[in-house]
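The file run-v3.cif contains mmCIF, C-alpha atoms:
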data_target
#
loop_
_atom_site.label_atom_id
_atom_site.label_comp_id
_atom_site.auth_asym_id
_atom_site.auth_seq_id
_atom_site.Cartn_x
_atom_site.Cartn_y
_atom_site.Cartn_z
CA MET A 17 136.67 -34.64 62.40
CA SER A 18 138.62 -36.37 65.18
CA ALA A 19 137.15 -39.16 67.25
CA ALA A 20 137.34 -36.96 70.32
CA SER A 21 135.30 -34.20 68.73
CA ALA A 22 132.80 -36.45 66.93
CA PRO A 23 129.31 -36.30 68.43
CA SER A 24 128.44 -39.40 70.48
CA ARG A 25 125.78 -41.65 69.08
CA PRO A 26 122.55 -41.70 71.10
CA SER A 27 122.13 -44.81 73.25
CA LEU A 28 119.80 -47.62 72.23
CA ALA A 29 117.47 -46.60 75.06
CA ALA A 30 117.23 -43.11 73.57
CA ARG A 31 116.82 -44.36 70.00
CA ALA A 32 114.53 -47.35 70.63
CA PRO A 33 113.22 -47.42 74.21
CA LEU A 34 110.41 -49.77 73.21
CA LEU A 35 112.94 -52.37 72.02
CA VAL A 36 114.79 -52.16 75.34
CA VAL A 37 111.53 -52.63 77.24
CA LEU A 38 110.48 -55.54 74.99
CA CYS A 39 113.76 -57.43 75.44
CA GLY A 40 113.74 -56.80 79.17
CA CYS A 41 110.17 -58.07 79.37
CA LEU A 42 111.06 -61.26 77.49
CA ILE A 43 113.89 -61.90 79.97
CA ALA A 44 111.52 -61.36 82.90
CA MET A 45 108.96 -63.71 81.36
CA LEU A 46 111.46 -66.50 80.72
CA SER A 47 113.17 -66.32 84.10
CA PHE A 48 109.98 -66.18 86.15
CA GLY A 49 108.15 -68.99 84.36
CA PRO A 50 109.92 -72.16 85.59
CA ARG A 51 110.28 -70.73 89.09
CA ALA A 52 106.52 -70.10 89.21
CA SER A 53 105.91 -73.71 88.12
CA SER A 54 107.73 -75.35 91.03
CA GLY A 55 104.49 -76.49 92.67
CA ILE A 56 103.62 -78.55 89.60
CA PHE A 57 106.67 -80.75 90.26
CA LEU A 58 106.03 -81.26 94.00
CA LEU A 59 103.64 -84.22 93.78
CA PRO A 60 105.34 -86.22 90.98
CA MET A 61 108.81 -85.87 92.56
CA THR A 62 107.71 -86.67 96.11
CA ALA A 63 105.67 -89.64 94.84
CA GLU A 64 108.53 -91.07 92.76
CA PHE A 65 111.22 -90.77 95.42
CA GLY A 66 109.13 -91.18 98.58
CA TRP A 67 109.98 -87.77 100.03
CA GLY A 68 107.79 -85.70 102.34
CA ARG A 69 106.59 -82.32 101.19
CA ASP A 70 108.99 -80.76 103.67
CA THR A 71 111.94 -82.14 101.65
CA PHE A 72 110.73 -80.53 98.43
CA GLY A 73 109.67 -77.41 100.31
CA LEU A 74 113.16 -77.01 101.81
CA ALA A 75 114.71 -77.11 98.33
CA ILE A 76 112.45 -74.31 97.10
CA ALA A 77 113.02 -72.45 100.37
CA ILE A 78 116.78 -72.59 99.76
CA GLN A 79 116.13 -71.35 96.23
CA ASN A 80 114.20 -68.35 97.51
CA LEU A 81 116.79 -67.53 100.16
CA LEU A 82 119.78 -67.76 97.81
CA TRP A 83 117.92 -65.79 95.14
CA GLY A 84 117.65 -63.09 97.78
CA VAL A 85 121.24 -63.46 99.00
CA GLY A 86 122.66 -63.29 95.49
CA THR A 87 120.56 -60.38 94.23
CA PRO A 88 122.41 -57.53 96.02
CA PHE A 89 125.76 -58.88 94.81
CA ALA A 90 124.46 -59.37 91.27
CA GLY A 91 123.05 -55.86 91.47
CA ALA A 92 126.36 -54.41 92.64
CA ILE A 93 128.16 -56.10 89.73
CA ALA A 94 125.51 -54.86 87.30
CA ASP A 95 125.81 -51.33 88.71
CA ARG A 96 129.55 -51.43 88.12
CA PHE A 97 129.92 -53.40 84.87
CA GLY A 98 126.46 -53.45 83.25
CA VAL A 99 123.77 -56.09 83.26
CA THR A 100 124.60 -58.17 80.17
CA ARG A 101 127.36 -60.24 81.79
CA VAL A 102 125.22 -60.74 84.89
CA LEU A 103 122.17 -61.82 82.87
CA CYS A 104 124.17 -64.29 80.75
CA ALA A 105 125.90 -65.88 83.75
CA GLY A 106 122.60 -66.12 85.60
CA ALA A 107 120.91 -67.78 82.62
CA VAL A 108 123.61 -70.46 82.35
CA VAL A 109 123.50 -71.28 86.08
CA TYR A 110 119.67 -71.32 86.03
CA ALA A 111 119.62 -73.70 83.05
CA ALA A 112 122.15 -76.00 84.73
CA GLY A 113 120.03 -76.08 87.89
CA LEU A 114 116.88 -77.09 86.03
CA ALA A 115 118.75 -79.78 84.08
CA LEU A 116 120.29 -81.24 87.25
CA MET A 117 116.91 -81.10 89.01
CA ALA A 118 115.62 -83.56 86.40
CA TYR A 119 118.14 -86.12 87.67
CA SER A 120 117.98 -85.33 91.40
CA SER A 121 117.14 -88.67 92.98
CA THR A 122 118.31 -87.71 96.50
CA PRO A 123 117.36 -84.80 98.75
CA GLY A 124 120.93 -83.51 98.62
CA LEU A 125 120.91 -83.31 94.82
CA LEU A 126 117.48 -81.68 94.88
CA HIS A 127 118.68 -79.04 97.33
CA MET A 128 121.76 -78.38 95.17
CA SER A 129 119.86 -78.15 91.88
CA ALA A 130 116.44 -76.67 92.62
CA GLY A 131 117.83 -74.83 95.63
CA VAL A 132 121.38 -73.57 95.17
CA LEU A 133 121.83 -73.43 91.39
CA VAL A 134 118.35 -72.20 90.46
CA GLY A 135 118.44 -69.71 93.36
CA PHE A 136 121.76 -68.16 92.36
CA GLY A 137 120.76 -68.31 88.69
CA LEU A 138 117.61 -66.32 89.41
CA SER A 139 119.62 -63.68 91.27
CA GLY A 140 121.48 -62.93 88.06
CA CYS A 141 118.73 -63.05 85.44
CA SER A 142 115.38 -62.27 87.06
CA PHE A 143 113.20 -59.19 86.73
CA ASN A 144 115.06 -57.42 89.57
CA ILE A 145 118.09 -56.85 87.36
CA VAL A 146 115.85 -55.94 84.43
CA LEU A 147 113.98 -53.28 86.44
CA ALA A 148 117.23 -51.76 87.62
CA ALA A 149 118.41 -51.59 84.00
CA PHE A 150 115.17 -49.84 83.04
CA GLY A 151 115.72 -47.31 85.81
CA LYS A 152 119.22 -46.52 84.55
CA MET A 153 118.67 -46.67 80.78
CA LEU A 154 115.24 -45.27 80.06
CA PRO A 155 114.07 -41.65 80.01
CA GLU A 156 112.27 -40.66 83.19
CA LYS A 157 108.85 -40.58 81.51
CA TRP A 158 109.24 -44.26 80.56
CA ARG A 159 110.21 -45.53 84.01
CA PRO A 160 106.91 -45.99 85.94
CA LEU A 161 105.19 -47.91 83.15
CA SER A 162 108.36 -49.85 82.27
CA PHE A 163 108.57 -51.06 85.88
CA GLY A 164 104.97 -52.21 85.59
CA ALA A 165 105.60 -53.78 82.19
CA GLY A 166 108.66 -55.70 83.40
CA THR A 167 106.76 -57.00 86.39
CA ALA A 168 103.75 -57.87 84.22
CA ALA A 169 106.02 -59.79 81.86
CA GLY A 170 107.16 -61.94 84.77
CA SER A 171 103.48 -62.52 85.44
CA PHE A 172 102.91 -63.63 81.87
CA GLY A 173 105.64 -66.21 82.48
CA GLN A 174 103.60 -67.39 85.45
CA PHE A 175 100.50 -67.53 83.24
CA LEU A 176 102.29 -69.45 80.50
CA PHE A 177 104.58 -71.91 82.28
CA PRO A 178 102.48 -73.66 85.02
CA PRO A 179 99.79 -75.04 82.66
CA LEU A 180 102.54 -75.81 80.17
CA ALA A 181 104.41 -77.69 82.89
CA ALA A 182 101.25 -79.58 83.90
CA GLY A 183 100.55 -80.52 80.26
CA LEU A 184 104.12 -81.57 79.53
CA ASN A 185 104.29 -83.60 82.74
CA MET A 186 101.36 -85.68 81.49
CA THR A 187 102.73 -86.11 77.96
CA ILE A 188 106.54 -86.28 78.03
CA GLY A 189 107.17 -86.62 81.80
CA TRP A 190 108.38 -84.31 84.54
CA GLN A 191 112.09 -84.94 83.91
CA GLU A 192 111.88 -84.07 80.22
CA THR A 193 109.82 -80.98 81.09
CA LEU A 194 112.64 -79.70 83.31
CA ILE A 195 115.15 -80.22 80.48
CA VAL A 196 112.96 -78.26 78.08
CA PHE A 197 112.63 -75.43 80.59
CA GLY A 198 116.40 -75.41 81.12
CA LEU A 199 117.04 -75.01 77.39
CA ALA A 200 114.49 -72.20 77.25
CA MET A 201 116.50 -70.23 79.84
CA LEU A 202 119.40 -69.94 77.42
CA LEU A 203 117.25 -67.62 75.27
CA ILE A 204 117.88 -64.96 77.91
CA MET A 205 121.41 -64.50 76.60
CA PRO A 206 120.60 -62.97 73.19
CA PHE A 207 117.83 -60.79 74.67
CA SER A 208 120.30 -59.39 77.22
CA LEU A 209 122.29 -57.66 74.47
CA ALA A 210 119.64 -54.93 74.26
CA LEU A 211 120.46 -54.00 77.87
CA ALA A 212 124.20 -53.81 77.25
CA SER A 213 124.47 -50.04 77.74
CA SER A 214 122.82 -49.99 81.15
CA SER A 215 126.14 -49.44 82.91
CA ALA A 216 126.07 -45.73 82.20
CA PRO A 217 128.09 -43.64 84.62
CA ALA A 218 126.34 -41.78 87.36
CA ARG A 219 124.92 -38.42 86.35
CA THR A 220 127.16 -35.51 87.15
CA GLN A 221 124.56 -33.98 89.45
CA GLU A 222 124.56 -37.12 91.60
CA ARG A 223 127.10 -37.31 94.41
CA GLN A 224 129.73 -39.97 93.79
CA GLN A 225 129.57 -42.64 96.50
CA THR A 226 131.33 -45.84 97.37
CA ILE A 227 129.25 -48.96 97.77
CA GLY A 228 129.85 -48.91 101.53
CA ALA A 229 128.71 -45.30 101.83
CA ALA A 230 125.57 -46.04 99.81
CA LEU A 231 124.69 -49.00 102.05
CA GLY A 232 125.33 -47.03 105.22
CA GLU A 233 123.13 -44.20 103.98
CA ALA A 234 120.33 -46.60 103.07
CA PHE A 235 120.24 -48.57 106.29
CA ARG A 236 120.28 -45.40 108.39
CA HIS A 237 117.22 -44.20 106.45
CA ARG A 238 114.08 -45.09 108.44
CA SER A 239 111.76 -45.16 105.43
CA TYR A 240 114.03 -47.53 103.52
CA VAL A 241 114.16 -49.88 106.51
CA LEU A 242 110.36 -49.85 106.79
CA LEU A 243 110.06 -50.57 103.06
CA VAL A 244 112.47 -53.50 103.37
CA LEU A 245 110.60 -54.93 106.36
CA GLY A 246 107.22 -54.66 104.65
CA PHE A 247 108.52 -56.45 101.55
CA PHE A 248 109.11 -59.57 103.69
CA THR A 249 105.40 -60.38 103.63
CA CYS A 250 105.21 -60.24 99.85
CA GLY A 251 107.88 -62.92 99.55
CA PHE A 252 106.32 -65.10 102.25
CA GLN A 253 102.95 -65.18 100.51
CA LEU A 254 104.16 -65.52 96.93
CA ALA A 255 106.54 -68.39 97.61
CA PHE A 256 104.07 -70.29 99.81
CA VAL A 257 101.27 -70.02 97.26
CA THR A 258 103.46 -70.83 94.25
CA THR A 259 104.89 -73.97 95.84
CA HIS A 260 102.05 -75.35 97.97
CA LEU A 261 98.78 -74.17 96.37
CA PRO A 262 98.52 -77.04 93.81
CA ALA A 263 99.03 -79.63 96.55
CA TYR A 264 96.61 -77.79 98.89
CA LEU A 265 93.91 -77.89 96.22
CA THR A 266 94.57 -81.58 95.60
CA ASP A 267 94.18 -82.23 99.33
CA ARG A 268 90.76 -80.55 99.12
CA GLY A 269 89.60 -82.83 96.31
CA LEU A 270 90.48 -80.81 93.21
CA SER A 271 92.71 -81.93 90.35
CA ILE A 272 96.31 -80.89 89.76
CA ALA A 273 95.08 -79.19 86.58
CA VAL A 274 92.99 -76.80 88.69
CA GLY A 275 96.16 -75.93 90.57
CA GLY A 276 97.98 -75.21 87.34
CA TRP A 277 95.17 -73.04 86.01
CA THR A 278 94.89 -71.20 89.31
CA LEU A 279 98.58 -70.30 89.14
CA ALA A 280 98.02 -69.29 85.52
CA ALA A 281 95.10 -67.08 86.57
CA ILE A 282 97.36 -65.40 89.13
CA GLY A 283 99.92 -64.72 86.42
CA LEU A 284 97.39 -63.41 83.92
CA ALA A 285 95.64 -61.13 86.40
CA ASN A 286 98.98 -59.91 87.66
CA MET A 287 99.73 -58.50 84.23
CA VAL A 288 96.82 -56.13 84.79
CA GLY A 289 97.73 -55.55 88.44
CA SER A 290 101.38 -54.78 87.74
CA LEU A 291 100.65 -52.39 84.88
CA GLY A 292 97.97 -50.71 86.96
CA SER A 293 100.33 -50.44 89.91
CA GLY A 294 103.02 -48.90 87.69
CA TRP A 295 100.49 -46.36 86.42
CA LEU A 296 99.22 -45.56 89.92
CA SER A 297 102.77 -45.25 91.29
CA SER A 298 103.20 -41.96 89.48
CA ARG A 299 99.76 -40.65 90.45
CA MET A 300 99.31 -41.34 94.18
CA PRO A 301 101.49 -41.77 97.29
CA ARG A 302 103.27 -45.07 96.93
CA ARG A 303 103.03 -45.85 100.66
CA TYR A 304 99.23 -45.78 100.47
CA LEU A 305 99.29 -47.97 97.39
CA LEU A 306 101.48 -50.54 99.16
CA ALA A 307 99.37 -50.48 102.32
CA GLY A 308 96.21 -51.02 100.29
CA ILE A 309 97.72 -53.94 98.37
CA TYR A 310 98.85 -55.75 101.51
CA ALA A 311 95.54 -55.21 103.32
CA ALA A 312 93.56 -56.44 100.31
CA ARG A 313 95.70 -59.59 100.17
CA GLY A 314 94.85 -60.37 103.78
CA VAL A 315 91.13 -60.13 103.03
CA ALA A 316 91.42 -62.23 99.86
CA ILE A 317 93.33 -65.05 101.58
CA ALA A 318 90.93 -65.16 104.53
CA VAL A 319 87.89 -65.41 102.24
CA PHE A 320 89.53 -68.14 100.13
CA VAL A 321 90.37 -70.32 103.13
CA LEU A 322 86.86 -69.98 104.58
CA LEU A 323 84.98 -70.77 101.34
CA PRO A 324 84.34 -74.40 100.24
CA ALA A 325 86.78 -75.72 97.65
CA SER A 326 85.68 -75.65 94.00
CA PRO A 327 87.31 -74.86 90.66
CA ALA A 328 85.38 -71.57 90.46
CA VAL A 329 86.47 -70.48 93.95
CA SER A 330 90.07 -71.46 93.27
CA ILE A 331 90.38 -69.69 89.94
CA GLY A 332 88.46 -66.69 91.29
CA PHE A 333 90.97 -66.51 94.14
CA GLY A 334 93.73 -66.69 91.55
CA VAL A 335 92.31 -63.70 89.69
CA VAL A 336 91.92 -61.58 92.85
CA LEU A 337 95.32 -62.52 94.26
CA GLY A 338 96.89 -62.01 90.83
CA LEU A 339 95.77 -58.38 90.77
CA LEU A 340 97.73 -57.95 94.02
CA TRP A 341 100.56 -60.41 93.30
CA LEU A 342 103.62 -58.47 92.07
CA SER A 343 101.87 -55.11 92.14
CA THR A 344 104.07 -54.31 95.14
CA VAL A 345 107.18 -54.24 92.93
CA PRO A 346 106.65 -50.99 90.92
CA PRO A 347 105.98 -48.82 94.00
CA THR A 348 108.78 -50.52 95.97
CA SER A 349 111.40 -50.07 93.25
CA GLY A 350 110.07 -46.57 92.58
CA LEU A 351 110.49 -45.61 96.24
CA VAL A 352 114.09 -46.89 96.30
CA MET A 353 114.86 -44.83 93.19
CA LEU A 354 113.12 -41.75 94.64
CA MET A 355 115.03 -41.99 97.91
CA PHE A 356 118.53 -42.71 96.57
CA GLY A 357 118.62 -42.12 92.81
CA THR A 358 119.74 -44.60 90.16
CA ARG A 359 123.48 -44.94 90.89
CA TYR A 360 123.08 -48.00 93.15
CA LEU A 361 119.51 -48.85 92.29
CA ALA A 362 120.17 -52.52 91.47
CA MET A 363 122.05 -53.10 94.71
CA LEU A 364 119.69 -51.21 97.04
CA TYR A 365 116.60 -52.76 95.50
CA GLY A 366 118.49 -56.04 95.81
CA PHE A 367 118.65 -55.66 99.59
CA ALA A 368 114.91 -54.96 99.70
CA PHE A 369 114.45 -58.07 97.59
CA PHE A 370 116.62 -60.03 100.03
CA SER A 371 114.02 -59.32 102.71
CA HIS A 372 111.36 -60.49 100.23
CA GLN A 373 113.23 -63.75 99.73
CA VAL A 374 113.82 -64.36 103.43
CA GLY A 375 110.04 -64.22 103.63
CA GLY A 376 109.89 -66.60 100.67
CA PHE A 377 112.24 -69.04 102.38
CA LEU A 378 110.06 -69.12 105.49
CA GLY A 379 106.81 -69.30 103.51
CA VAL A 380 107.89 -72.37 101.54
CA TRP A 381 109.72 -74.10 104.38
CA LEU A 382 107.05 -73.52 107.04
CA GLY A 383 104.37 -74.62 104.57
CA GLY A 384 106.01 -78.03 104.16
CA LEU A 385 107.04 -78.28 107.83
CA PHE A 386 103.61 -77.53 109.28
CA TYR A 387 101.92 -79.77 106.73
CA GLU A 388 104.03 -82.71 107.84
CA ARG A 389 103.51 -81.87 111.54
CA LEU A 390 99.84 -80.85 111.53
CA GLY A 391 98.49 -82.51 108.38
CA SER A 392 97.23 -79.25 106.86
CA TYR A 393 98.31 -75.83 105.64
CA ASP A 394 95.77 -73.91 107.75
CA PHE A 395 98.25 -72.39 110.21
CA VAL A 396 100.40 -70.92 107.42
CA TRP A 397 97.37 -69.51 105.59
CA TRP A 398 96.30 -67.61 108.71
CA LEU A 399 99.86 -66.50 109.38
CA SER A 400 99.82 -65.01 105.87
CA VAL A 401 96.67 -63.07 106.74
CA ALA A 402 98.28 -61.65 109.89
CA LEU A 403 101.44 -60.65 108.01
CA SER A 404 99.34 -58.85 105.38
CA PHE A 405 97.86 -56.45 107.89
CA ALA A 406 101.20 -56.00 109.66
CA SER A 407 102.86 -54.94 106.39
CA ALA A 408 100.00 -52.59 105.58
CA ALA A 409 100.69 -50.80 108.88
CA ILE A 410 104.49 -50.82 108.39
CA ASN A 411 104.29 -49.02 105.03
CA LEU A 412 102.10 -46.12 106.19
CA PRO A 413 104.85 -44.10 108.00
CA ILE A 414 107.19 -44.10 104.97
CA VAL A 415 108.28 -40.58 103.94
CA GLU A 416 108.37 -40.19 100.16
CA ARG A 417 111.22 -37.82 99.42
CA PRO A 418 114.89 -38.04 98.37
CA VAL A 419 117.46 -38.62 101.08
CA GLU A 420 119.00 -35.37 102.32
CA ARG A 421 122.57 -34.96 101.12
CA ALA A 422 125.09 -32.16 101.16
CA PRO A 423 125.18 -30.22 97.88
CA VAL A 424 127.50 -31.52 95.21
CA PRO A 425 130.54 -29.19 94.99
CA GLN A 426 130.56 -27.24 91.73
CA ALA A 427 133.63 -27.33 89.54
CA ALA A 428 135.58 -24.08 89.38
#

Here is the file; what I need is its structure written in the form of structure tokens.
Amino acid sequence: MSAASAPSRPSLAARAPLLVVLCGCLIAMLSFGPRASSGIFLLPMTAEFGWGRDTFGLAIAIQNLLWGVGTPFAGAIADRFGVTRVLCAGAVVYAAGLALMAYSSTPGLLHMSAGVLVGFGLSGCSFNIVLAAFGKMLPEKWRPLSFGAGTAAGSFGQFLFPPLAAGLNMTIGWQETLIVFGLAMLLIMPFSLALASSSAPARTQERQQTIGAALGEAFRHRSYVLLVLGFFTCGFQLAFVTTHLPAYLTDRGLSIAVGGWTLAAIGLANMVGSLGSGWLSSRMPRRYLLAGIYAARGVAIAVFVLLPASPAVSIGFGVVLGLLWLSTVPPTSGLVMLMFGTRYLAMLYGFAFFSHQVGGFLGVWLGGLFYERLGSYDFVWWLSVALSFASAAINLPIVERPVERAPVPQAA
């Protein structure tokens, strides 16, 4: 039998979808962990080098912004050439950023390492690329729960890494901890091989589009624009809490360990929240799910700020916020796929994520800026509450149906 007539071998996703999901989840866990631990390094680095919190906050703000800037481009490359090259390159840049951060004795070096290198590294190897690969590779019945699983795996990284970072800081030092985390990022490279076939060509029933045409179609689509705008709040809140919560709790008389365990509680609870959100995404209107998540966040933050500080209140807040933490991701990515299909999923979700990261930039930067100007984080906490209810309202008018396109011409 000739090679041309030989039957093609089923893809790895068709033969072993669970293995694809497992490897993707391990990548999401590894890439999200050090990023979620950034707040653990704020106090030791600012104390050693005499910086203000605004200096450290600006570095993490740059990281969030460049993570967002790089994600659509990384997504476009992954859509065209597959995700393995993108994941490997991202892992190397991420590892280099963490290693250089350990030796960043000036604000400029900190902004280059923790900001530029880690930000661009994340754009190539974070859960965004993994979720897009799941959408392309996996059978349709696997997609909703795989989106939740990939997001939950990132949350497990947030559960695992902050207390690990706090413990290692006290035993081997913060610089050595960053080196260890950098080496751990290189494990992403072998796991990425399971996602090597995610560059499958577009299905024949999907209209072939250029990248420019796909972008024009998306940004003329009102529901996509509303989705992108609402996602801004998610990034603002997540980045602010991740970076400034440990220091905020210390200011209120609690130990840095409570901050680490609160971030861990967010990550652990988010595993439940993300899986639940993935399950609900296929069973109820996604716009209502998103609106409910944002509104509930606003209530949770307001209650936390008003209650007296204690370990129980802090960790309880972590559990509640964790249930709502990345639970926005499965319905958001699901809506992008529903509207536009899978052909440019990584890129179009990447632009939604860019809005998320612009919010992250402002959340981290304004947190440090207002702390240095006002001596507290109160203004930014209440701004987060206001943004929660604004995003809840923005998501309600979204129309959940595929974009209208002319029929694909049939071959003669």

Completion exercise
Using all atoms listed in the file, the best pick from A:Phe136, A:Tyr264, A:Phe247, A:Phe367 as closest to A:Val345 would be A:Phe247

Problem - Best match for closeness to A:Gly198 among A:Val108, A:Leu354, A:Val380, A:Cys41, counting all atoms listed in the file - result: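 For A:Gly198, the nearest of the candidates is A:Val108.
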
The PyMOL selection byres ((chain A and resi 386) around 12) on the file shown: which residues, as a PDB file with C-alpha atoms, keeping the file's coordinate frame?
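Here's the written file selection_8.pdb:
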ATOM      1  CA  GLY A  68     107.790 -85.700 102.340  1.00  0.00           C
ATOM      2  CA  ARG A  69     106.590 -82.320 101.190  1.00  0.00           C
ATOM      3  CA  ASP A  70     108.990 -80.760 103.670  1.00  0.00           C
ATOM      4  CA  GLY A  73     109.670 -77.410 100.310  1.00  0.00           C
ATOM      5  CA  PHE A 256     104.070 -70.290  99.810  1.00  0.00           C
ATOM      6  CA  HIS A 260     102.050 -75.350  97.970  1.00  0.00           C
ATOM      7  CA  LEU A 378     110.060 -69.120 105.490  1.00  0.00           C
ATOM      8  CA  GLY A 379     106.810 -69.300 103.510  1.00  0.00           C
ATOM      9  CA  VAL A 380     107.890 -72.370 101.540  1.00  0.00           C
ATOM     10  CA  TRP A 381     109.720 -74.100 104.380  1.00  0.00           C
ATOM     11  CA  LEU A 382     107.050 -73.520 107.040  1.00  0.00           C
ATOM     12  CA  GLY A 383     104.370 -74.620 104.570  1.00  0.00           C
ATOM     13  CA  GLY A 384     106.010 -78.030 104.160  1.00  0.00           C
ATOM     14  CA  LEU A 385     107.040 -78.280 107.830  1.00  0.00           C
ATOM     15  CA  TYR A 387     101.920 -79.770 106.730  1.00  0.00           C
ATOM     16  CA  GLU A 388     104.030 -82.710 107.840  1.00  0.00           C
ATOM     17  CA  ARG A 389     103.510 -81.870 111.540  1.00  0.00           C
ATOM     18  CA  LEU A 390      99.840 -80.850 111.530  1.00  0.00           C
ATOM     19  CA  GLY A 391      98.490 -82.510 108.380  1.00  0.00           C
ATOM     20  CA  SER A 392      97.230 -79.250 106.860  1.00  0.00           C
ATOM     21  CA  TYR A 393      98.310 -75.830 105.640  1.00  0.00           C
ATOM     22  CA  ASP A 394      95.770 -73.910 107.750  1.00  0.00           C
ATOM     23  CA  PHE A 395      98.250 -72.390 110.210  1.00  0.00           C
ATOM     24  CA  VAL A 396     100.400 -70.920 107.420  1.00  0.00           C
ATOM     25  CA  TRP A 397      97.370 -69.510 105.590  1.00  0.00           C
ATOM     26  CA  LEU A 399      99.860 -66.500 109.380  1.00  0.00           C
TER      27      LEU A 399
END

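Minimum atom-to-atom distances from A:Gly314, A:Gly275, A:Gly232, A:Gly106 to A:Ser47 were compared using all atoms listed in the file, and the lowest value belongs to A:Gly106.
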
Problem - Counting only C-alpha atoms, the option among A:Gly66, A:Gly376, A:Pro50, A:Pro33 closest to A:Gly251 - result: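 Closest candidate: A:Gly376.
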
Exercise for the section: Enumerate, as a list in words, the residues matched when the PyMOL selection byres ((chain A and resi 324-336) around 7) is run on the file above. Expected result: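 Evaluating the PyMOL selection byres ((chain A and resi 324-336) around 7) on these coordinates yields Arg268, Val274, Thr278, Leu279, Ala281, Ile282, Ala285, Phe320, Leu322, Leu323, Leu337, Gly338, Leu339 and Leu340 of chain A.
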
Problem - Shortest interatomic distance to A:Ala273 - which of A:Ala181, A:Met153, A:Ala368, A:Leu58, counting all atoms listed in the file - result: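 Once distances to A:Ala273 are computed over all atoms listed in the file, the minimum belongs to A:Ala181.
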
Exercise for the section: Using all atoms listed in the file, pick whichever of A:Pro178, A:Ala263, A:Val37, A:Pro418 has the shortest atom-to-atom distance to A:Met353. Expected result: A:Pro418

Problem - Nearby residues (all atoms listed in the file) at most 8 Å from A:Arg417, same-chain spacing under 2 positions excluded, as a ChimeraX atom specification - result: /A:354-355,415,419

Exercise for the section: List, as a count of residues only, every residue that the PyMOL selection byres ((chain A and resi 44) around 8) selects in the file provided. Expected result: 17

Practice task
Mind giving me the straight-line distance from atom CA of A:Val374 to atom CA of A:Tyr240 in Å, one decimal?
Solution key: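 Atom CA of A:Tyr240 lies 16.8 Å from atom CA of A:Val374.
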
Practice task
Skip A:Ser297 itself and residues of its chain fewer than 5 positions away, then list as a PyMOL selection string all residues within 10 Å of it, counting only C-alpha atoms.
Solution key: chain A and resi 160-161+163-164+291-292+302-306+343-344+346-348+350-351

Exercise for the section: Find the distance between atom CA of A:Tyr110 and atom CA of A:Met201 and write it in Å to one decimal. Expected result: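 Distance between the two atoms: 7.0 Å.
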
Which neighbours of A:Leu231 fall inside 12 Å, counting all atoms listed in the file, when residues of the same chain fewer than 3 positions from it are skipped, and could you give them as a PDB file with C-alpha atoms, in the frame of the given file?
ATOM      1  CA  PRO A  88     122.410 -57.530  96.020  1.00  0.00           C
ATOM      2  CA  ALA A  92     126.360 -54.410  92.640  1.00  0.00           C
ATOM      3  CA  GLN A 225     129.570 -42.640  96.500  1.00  0.00           C
ATOM      4  CA  THR A 226     131.330 -45.840  97.370  1.00  0.00           C
ATOM      5  CA  ILE A 227     129.250 -48.960  97.770  1.00  0.00           C
ATOM      6  CA  GLY A 228     129.850 -48.910 101.530  1.00  0.00           C
ATOM      7  CA  ALA A 234     120.330 -46.600 103.070  1.00  0.00           C
ATOM      8  CA  PHE A 235     120.240 -48.570 106.290  1.00  0.00           C
ATOM      9  CA  ARG A 236     120.280 -45.400 108.390  1.00  0.00           C
ATOM     10  CA  HIS A 237     117.220 -44.200 106.450  1.00  0.00           C
ATOM     11  CA  TYR A 240     114.030 -47.530 103.520  1.00  0.00           C
ATOM     12  CA  VAL A 241     114.160 -49.880 106.510  1.00  0.00           C
ATOM     13  CA  PHE A 356     118.530 -42.710  96.570  1.00  0.00           C
ATOM     14  CA  ARG A 359     123.480 -44.940  90.890  1.00  0.00           C
ATOM     15  CA  TYR A 360     123.080 -48.000  93.150  1.00  0.00           C
ATOM     16  CA  LEU A 361     119.510 -48.850  92.290  1.00  0.00           C
ATOM     17  CA  MET A 363     122.050 -53.100  94.710  1.00  0.00           C
ATOM     18  CA  LEU A 364     119.690 -51.210  97.040  1.00  0.00           C
ATOM     19  CA  TYR A 365     116.600 -52.760  95.500  1.00  0.00           C
ATOM     20  CA  GLY A 366     118.490 -56.040  95.810  1.00  0.00           C
ATOM     21  CA  PHE A 367     118.650 -55.660  99.590  1.00  0.00           C
ATOM     22  CA  ALA A 368     114.910 -54.960  99.700  1.00  0.00           C
TER      23      ALA A 368
END

Problem - Distance in Å - atom CA of A:Ile309 versus atom CA of A:Ser293 - result: 9.5 Å

Problem - Spatial neighbours of A:Glu64, 12 Å, only C-alpha atoms, chain gap at least 5 places, as a list in words - result: Phe57, Leu58, Leu59, Tyr119, Ser120, Ser121, Thr122, Gly189, Trp190 and Gln191 of chain A

Exercise for the section: May I have the residues within 7 Å of A:Ser404 as a count of residues only, using all atoms listed in the file and disregarding those fewer than 2 positions away in the same chain? Expected result: 11
